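*Asks:* Sharing a structure, written as structure tokens. Questions coming.
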Amino acid sequence: ESKCNIFVSMHSKKTALTETHIALGAKMAPFGGFEMPIQYTGVKEEHHAVRKSLGVFDVSHMGEFYVKGSRALKLLERVCSNSIAQLPVGKAQYNYLPNRIGGIIDDLIVYRLAKNSYFLVVNAANIIKDWEWISVENENIEAELEDVSSQTALLAIQGPRSLETMQSLTDIELYNLPYYGVQQGTFAGISNVIIATTGYTGSGGIEIYFPNTVAQEVWDKVIDAGASAGIKPIGLAARDTLRLEMGYCLYGHEINENTNPLAAGLGWITKPHPNNLAYDFLQEQKNILQPKKLVGFRMIDRGIPRAEYSLCDEKGQSIGYVSSGTQSPSLNMGIGLGYVEATFAQQGQTVFVEIRKKMLKAEVVKLPFYRD
């Protein structure tokens, strides 16, 4: 294991809290170009902590860009899939960056901090690609762009007891923030922290953005504030099982540069401005029946579906593939997301997952899998 950690540290970047995770006994591995904690005490235990009480994730590997000035809106309407003009100050919006052939460069969250100030949060593995894409589109628009990824730490404090336990650390009334709300204020004694009621778990909570230089101080105060509720540090493995139970897409699995966003079920965030670089393609796609669709399915036979396993009909003919799968800790059954031919995408449809050369029965279900 020590050899493995040496290899990881030579080839991966670290977050400001990497040494803290190692000291806590976390199993570390490369993810998105960073050395990240995969689990501490075990995936199931960490998963249940978030569903039942609260946990804290270090997700400082994510990328952050500011887009500011009088031309900020014009640039974001050019590159983002959703209706940026409809985003009020103090709110966040889920988006993707479409490419010219209708594929997805990345999915992201856009926060509107002030009239002409937006904050974009992108996936770690796509920071350079996204920055270059947005910068090229900005050449003729000239909005103010700043990449603060390498200076910014991000903690996701998630679970039903997050707001009550974290309230003591901030002057912002957390319970007054709407879902997908955002505000800047003091948190853990640090000013100008971005506090948002966003997350990737489906169990509520907040995400906080602040300078790397104070990461340890903030982490310690978060752990102290949540101690009475049994707060646990949570790794990326439980982050994955939590997001899967909600049916949330993961870049590189459900979506990539060749994914049709409407086939991926992202029609609800496909409201591009007429000046959007993919506008014509996306409008056209809205009138076309997609040959394949992303669905959620639960195992009827015992088995755990995994990414890239084949999805088949009752005759064993391939009808698609699994994009993500796991054993759900909340439901205690195998669940998965996958692309199937449109005729197999209806709820209640029987499909089969090929696991170790056996055809195991599954059922297409309505998302999310988990409802509290």
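In the structure tokens, each chain is lettered A, B, ... as it comes, each chain's residues begin at 1, and ligands are numbered from 1 in order of appearance.
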Out of segment 95-342 of chain A, which residues get alpha helix (DSSP H) from DSSP, as a ChimeraX atom specification?

*Replies:* /A:127-138,162-166,215-226,236-246,279-285

*Asks:* Please return as a PDB file with N, CA and C atoms, in the first residue's frame: the residues of segment 218-318 of chain A that backbone DSSP assigns to strand (DSSP E or B).

*Replies:*
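Done, and the output landed in out_22.pdb:
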```pdb
ATOM      1  N   LYS A 232     -19.203  12.422   9.915  1.00  0.00           N
ATOM      2  CA  LYS A 232     -18.113  11.559   9.450  1.00  0.00           C
ATOM      3  C   LYS A 232     -17.487  12.151   8.192  1.00  0.00           C
ATOM      4  N   PRO A 233     -16.169  11.986   8.017  1.00  0.00           N
ATOM      5  CA  PRO A 233     -15.583  12.306   6.712  1.00  0.00           C
ATOM      6  C   PRO A 233     -16.006  11.232   5.715  1.00  0.00           C
ATOM      7  N   TYR A 251     -19.991  12.599 -15.256  1.00  0.00           N
ATOM      8  CA  TYR A 251     -19.266  12.800 -16.513  1.00  0.00           C
ATOM      9  C   TYR A 251     -18.258  11.668 -16.723  1.00  0.00           C
ATOM     10  N   ILE A 255     -22.525  10.694 -19.406  1.00  0.00           N
ATOM     11  CA  ILE A 255     -22.379  11.758 -20.408  1.00  0.00           C
ATOM     12  C   ILE A 255     -20.919  11.945 -20.805  1.00  0.00           C
ATOM     13  N   LYS A 292     -31.720   5.739 -28.572  1.00  0.00           N
ATOM     14  CA  LYS A 292     -31.383   5.152 -27.266  1.00  0.00           C
ATOM     15  C   LYS A 292     -31.689   6.151 -26.170  1.00  0.00           C
ATOM     16  N   LYS A 293     -32.021   5.652 -24.992  1.00  0.00           N
ATOM     17  CA  LYS A 293     -32.343   6.522 -23.864  1.00  0.00           C
ATOM     18  C   LYS A 293     -31.659   6.029 -22.603  1.00  0.00           C
ATOM     19  N   LEU A 294     -31.313   6.979 -21.746  1.00  0.00           N
ATOM     20  CA  LEU A 294     -30.756   6.637 -20.433  1.00  0.00           C
ATOM     21  C   LEU A 294     -31.908   6.266 -19.506  1.00  0.00           C
ATOM     22  N   VAL A 295     -31.781   5.115 -18.852  1.00  0.00           N
ATOM     23  CA  VAL A 295     -32.822   4.668 -17.911  1.00  0.00           C
ATOM     24  C   VAL A 295     -32.176   4.239 -16.599  1.00  0.00           C
ATOM     25  N   GLY A 296     -33.007   4.174 -15.569  1.00  0.00           N
ATOM     26  CA  GLY A 296     -32.605   3.552 -14.313  1.00  0.00           C
ATOM     27  C   GLY A 296     -33.216   2.154 -14.256  1.00  0.00           C
ATOM     28  N   PHE A 297     -32.483   1.205 -13.703  1.00  0.00           N
ATOM     29  CA  PHE A 297     -33.044  -0.151 -13.557  1.00  0.00           C
ATOM     30  C   PHE A 297     -32.602  -0.736 -12.222  1.00  0.00           C
ATOM     31  N   ARG A 298     -33.459  -1.598 -11.681  1.00  0.00           N
ATOM     32  CA  ARG A 298     -33.122  -2.306 -10.440  1.00  0.00           C
ATOM     33  C   ARG A 298     -33.062  -3.795 -10.734  1.00  0.00           C
ATOM     34  N   MET A 299     -32.153  -4.461 -10.043  1.00  0.00           N
ATOM     35  CA  MET A 299     -32.000  -5.896 -10.251  1.00  0.00           C
ATOM     36  C   MET A 299     -33.156  -6.649  -9.595  1.00  0.00           C
ATOM     37  N   SER A 310     -23.204  -5.530 -20.523  1.00  0.00           N
ATOM     38  CA  SER A 310     -24.224  -5.484 -21.570  1.00  0.00           C
ATOM     39  C   SER A 310     -25.631  -5.565 -20.986  1.00  0.00           C
ATOM     40  N   LEU A 311     -26.540  -4.806 -21.591  1.00  0.00           N
ATOM     41  CA  LEU A 311     -27.973  -4.923 -21.308  1.00  0.00           C
ATOM     42  C   LEU A 311     -28.599  -5.636 -22.496  1.00  0.00           C
ATOM     43  N   CYS A 312     -29.439  -6.636 -22.216  1.00  0.00           N
ATOM     44  CA  CYS A 312     -29.961  -7.499 -23.282  1.00  0.00           C
ATOM     45  C   CYS A 312     -31.474  -7.685 -23.164  1.00  0.00           C
ATOM     46  N   SER A 318     -28.171  -7.926 -27.531  1.00  0.00           N
ATOM     47  CA  SER A 318     -27.769  -6.668 -26.895  1.00  0.00           C
ATOM     48  C   SER A 318     -28.726  -5.531 -27.260  1.00  0.00           C
TER      49      SER A 318
END
```

*Asks:* For atom CA of Leu73 of chain A and atom CA of Lys115 of chain A, determine how far apart the two atoms are, in Å to one decimal place.

*Replies:*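 Atom-to-atom, atom CA of Leu73 of chain A to atom CA of Lys115 of chain A, that is 9.4 Å.
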
*Asks:* Grab the atom CA of Leu169 of chain A to atom CA of Gln93 of chain A distance for me, in Å with one decimal place.

*Replies:* 25.4 Å

*Asks:* Taking only C-alpha atoms into account, name the residue in A:Met166, A:Leu154, A:Leu236, A:Ile84 that is nearest to Pro211 of chain A.

*Replies:* A:Leu154

*Asks:* May I have the residues within 10 Å of segment 38-45 of chain A as a JSON list (two decimals) with C-alpha atoms, in the first residue's frame, using only C-alpha atoms and disregarding those fewer than 3 positions away in the same chain?

*Replies:*
```json
[["chain", "number", "residue", "atom", "x", "y", "z"],
["A", 21, "HIS", "CA", -7.16, 12.35, 4.90],
["A", 22, "ILE", "CA", -4.05, 10.16, 5.07],
["A", 24, "LEU", "CA", -7.43, 9.79, 9.20],
["A", 25, "GLY", "CA", -6.59, 6.45, 7.58],
["A", 26, "ALA", "CA", -8.36, 7.13, 4.29],
["A", 27, "LYS", "CA", -7.75, 4.79, 1.37],
["A", 28, "MET", "CA", -6.33, 7.16, -1.28],
["A", 29, "ALA", "CA", -6.43, 6.78, -5.06],
["A", 30, "PRO", "CA", -6.14, 8.99, -8.14],
["A", 31, "PHE", "CA", -9.35, 10.60, -9.35],
["A", 35, "GLU", "CA", -5.02, 12.10, -5.01],
["A", 48, "HIS", "CA", -25.70, 5.74, 5.80],
["A", 49, "ALA", "CA", -24.12, 8.60, 7.77],
["A", 50, "VAL", "CA", -25.08, 11.02, 4.98],
["A", 232, "LYS", "CA", -18.11, 11.56, 9.45],
["A", 233, "PRO", "CA", -15.58, 12.31, 6.71],
["A", 234, "ILE", "CA", -16.91, 10.73, 3.52],
["A", 235, "GLY", "CA", -14.94, 9.41, 0.54],
["A", 236, "LEU", "CA", -15.63, 9.40, -3.17],
["A", 237, "ALA", "CA", -16.92, 5.80, -3.16],
["A", 238, "ALA", "CA", -19.92, 6.77, -1.00],
["A", 239, "ARG", "CA", -20.33, 9.95, -3.05],
["A", 240, "ASP", "CA", -20.82, 7.65, -6.03],
["A", 241, "THR", "CA", -23.37, 5.34, -4.35],
["A", 327, "GLN", "CA", -25.23, -2.35, -4.76],
["A", 328, "SER", "CA", -27.50, 0.32, -3.22],
["A", 329, "PRO", "CA", -26.76, 0.64, 0.53],
["A", 330, "SER", "CA", -30.17, 2.27, 1.17]]
```

*Asks:* Within 8 Å of Phe65 of chain A, counting only C-alpha atoms, which residues show up once you throw out same-chain ones fewer than 2 positions away? Write them as a PyMOL selection string, please.

*Replies:* chain A and resi 63+67+119-121+145-149

*Asks:* Could you write those residues out with C-alpha atoms, as a short mmCIF file (atom, residue, chain, number, x, y, z; two decimals), in the first residue's frame?

*Replies:*
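The result, stored in result-v3.cif:
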```
data_model
loop_
_atom_site.label_atom_id
_atom_site.label_comp_id
_atom_site.auth_asym_id
_atom_site.auth_seq_id
_atom_site.Cartn_x
_atom_site.Cartn_y
_atom_site.Cartn_z
CA GLY A 63 -12.69 23.47 -10.86
CA VAL A 67 -17.25 35.11 -15.21
CA PHE A 119 -19.27 31.45 -10.45
CA LEU A 120 -18.90 28.21 -12.44
CA VAL A 121 -18.05 24.85 -10.88
CA LEU A 145 -12.72 35.39 -16.91
CA GLU A 146 -10.72 34.06 -13.98
CA ASP A 147 -9.71 30.49 -13.18
CA VAL A 148 -9.46 30.14 -9.38
CA SER A 149 -9.43 26.31 -9.30
#
```

*Asks:* Work out how far apart atom CA of Ala188 of chain A and atom CA of Val218 of chain A are and give it in Å to one decimal.

*Replies:*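 Result for atom CA of Ala188 of chain A versus atom CA of Val218 of chain A: 5.9 Å, one decimal.
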